[in-house]
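**Student:** So that we are looking at the same thing, I have put the structure below in structure tokens.
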Amino acid sequence: MIDLNAASVDPLETLPGIGQVRADATVRYWGQVGPFESVEEVTNVSGIGLATYENIRELVTVCDGR
């Protein structure tokens, strides 16, 4: 499981449908908005829609990023 609130770009890039651009956007989102409160919130990241979310939801988790 990859923690969306702790992962750097490298582990995020290993997820299906997440390349460097989406991994960068995920890390940037966390930096600007704060920790993800739920796995579903990853769909707020630019370029990550429902199809990508469905492919990664069993592979990611969200721990308290504070």
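Chain labels A, B, ... are given in the sequence in which chains occur in the structure tokens; within each chain residues are numbered consecutively from 1, and ligands are likewise numbered from 1 in the order shown.
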Write out as a VMD selection string the residues lying within 12 Å of Glu54 in chain A, counting only C-alpha atoms and excluding same-chain residues fewer than 5 positions away.
**Tutor:** chain A and resid 15 to 17 39 to 40 42 to 43 48 to 49 59 to 60
**Student:** Which polymer residues have any atom within 10 Å of an atom of range 19-25 of chain A, counting only C-alpha atoms, with same-chain residues fewer than 6 positions away left out, as a PDB file with N, CA, C and O atoms, in the first residue's frame?
**Tutor:**
```pdb
ATOM      1  N   ALA A   7       3.945   9.532   0.285  1.00  0.00           N
ATOM      2  CA  ALA A   7       4.705   9.054  -0.870  1.00  0.00           C
ATOM      3  C   ALA A   7       5.354  10.200  -1.642  1.00  0.00           C
ATOM      4  O   ALA A   7       4.780  11.278  -1.794  1.00  0.00           O
ATOM      5  N   SER A   8       6.526   9.910  -2.145  1.00  0.00           N
ATOM      6  CA  SER A   8       7.186  10.824  -3.067  1.00  0.00           C
ATOM      7  C   SER A   8       6.760  10.433  -4.490  1.00  0.00           C
ATOM      8  O   SER A   8       5.985   9.491  -4.688  1.00  0.00           O
ATOM      9  N   VAL A   9       7.302  11.121  -5.454  1.00  0.00           N
ATOM     10  CA  VAL A   9       6.939  10.885  -6.848  1.00  0.00           C
ATOM     11  C   VAL A   9       7.268   9.454  -7.281  1.00  0.00           C
ATOM     12  O   VAL A   9       6.465   8.807  -7.959  1.00  0.00           O
ATOM     13  N   ASP A  10       8.427   8.941  -6.899  1.00  0.00           N
ATOM     14  CA  ASP A  10       8.861   7.623  -7.376  1.00  0.00           C
ATOM     15  C   ASP A  10       7.871   6.499  -7.099  1.00  0.00           C
ATOM     16  O   ASP A  10       7.501   5.780  -8.022  1.00  0.00           O
ATOM     17  N   PRO A  11       7.411   6.308  -5.861  1.00  0.00           N
ATOM     18  CA  PRO A  11       6.444   5.221  -5.652  1.00  0.00           C
ATOM     19  C   PRO A  11       5.093   5.481  -6.327  1.00  0.00           C
ATOM     20  O   PRO A  11       4.439   4.545  -6.787  1.00  0.00           O
ATOM     21  N   LEU A  12       4.696   6.732  -6.405  1.00  0.00           N
ATOM     22  CA  LEU A  12       3.423   7.042  -7.053  1.00  0.00           C
ATOM     23  C   LEU A  12       3.454   6.677  -8.530  1.00  0.00           C
ATOM     24  O   LEU A  12       2.452   6.213  -9.090  1.00  0.00           O
ATOM     25  N   GLU A  13       4.609   6.836  -9.166  1.00  0.00           N
ATOM     26  CA  GLU A  13       4.745   6.509 -10.590  1.00  0.00           C
ATOM     27  C   GLU A  13       4.551   5.022 -10.869  1.00  0.00           C
ATOM     28  O   GLU A  13       4.265   4.642 -11.998  1.00  0.00           O
ATOM     29  N   GLY A  31       0.909  19.324  -1.190  1.00  0.00           N
ATOM     30  CA  GLY A  31       1.650  20.478  -0.687  1.00  0.00           C
ATOM     31  C   GLY A  31       0.821  21.743  -0.632  1.00  0.00           C
ATOM     32  O   GLY A  31       1.002  22.579   0.251  1.00  0.00           O
ATOM     33  N   VAL A  45      -7.067  15.680  -7.951  1.00  0.00           N
ATOM     34  CA  VAL A  45      -5.776  15.969  -8.573  1.00  0.00           C
ATOM     35  C   VAL A  45      -5.975  16.048 -10.086  1.00  0.00           C
ATOM     36  O   VAL A  45      -6.612  15.175 -10.681  1.00  0.00           O
ATOM     37  N   SER A  46      -5.416  17.080 -10.690  1.00  0.00           N
ATOM     38  CA  SER A  46      -5.519  17.261 -12.132  1.00  0.00           C
ATOM     39  C   SER A  46      -5.014  16.026 -12.873  1.00  0.00           C
ATOM     40  O   SER A  46      -3.912  15.553 -12.621  1.00  0.00           O
ATOM     41  N   GLY A  47      -5.849  15.489 -13.766  1.00  0.00           N
ATOM     42  CA  GLY A  47      -5.470  14.340 -14.572  1.00  0.00           C
ATOM     43  C   GLY A  47      -5.839  12.993 -13.986  1.00  0.00           C
ATOM     44  O   GLY A  47      -5.661  11.973 -14.636  1.00  0.00           O
ATOM     45  N   ILE A  48      -6.348  12.971 -12.757  1.00  0.00           N
ATOM     46  CA  ILE A  48      -6.752  11.705 -12.145  1.00  0.00           C
ATOM     47  C   ILE A  48      -8.276  11.689 -12.056  1.00  0.00           C
ATOM     48  O   ILE A  48      -8.871  12.387 -11.237  1.00  0.00           O
TER      49      ILE A  48
END
```
**Student:** Would you give me, as a PyMOL selection string, the residues in chain A that DSSP reads as strand (DSSP E or B)?
**Tutor:** chain A and resi 2-3+60-61
**Student:** Show me, as a VMD selection string, the residues that have an atom within 12 Å of Glu41 in chain A when counting only C-alpha atoms, minus same-chain residues fewer than 4 positions from it.
**Tutor:** chain A and resid 4 to 5 26 29 to 30 33 to 37 45 to 46 48 to 50 53 57 60 to 62
**Student:** Report as a VMD selection string: the residues of chain A with a DSSP assignment of alpha helix (DSSP H), based on the backbone of this structure.
**Tutor:** chain A and resid 9 to 13 20 to 33 50 to 56
**Student:** Nearest to Ile18 in chain A among A:Ser38, A:Gln32, A:Thr52, A:Asn44, with distances taken over only C-alpha atoms: which residue is it?
**Tutor:**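 Closest candidate: A:Thr52.
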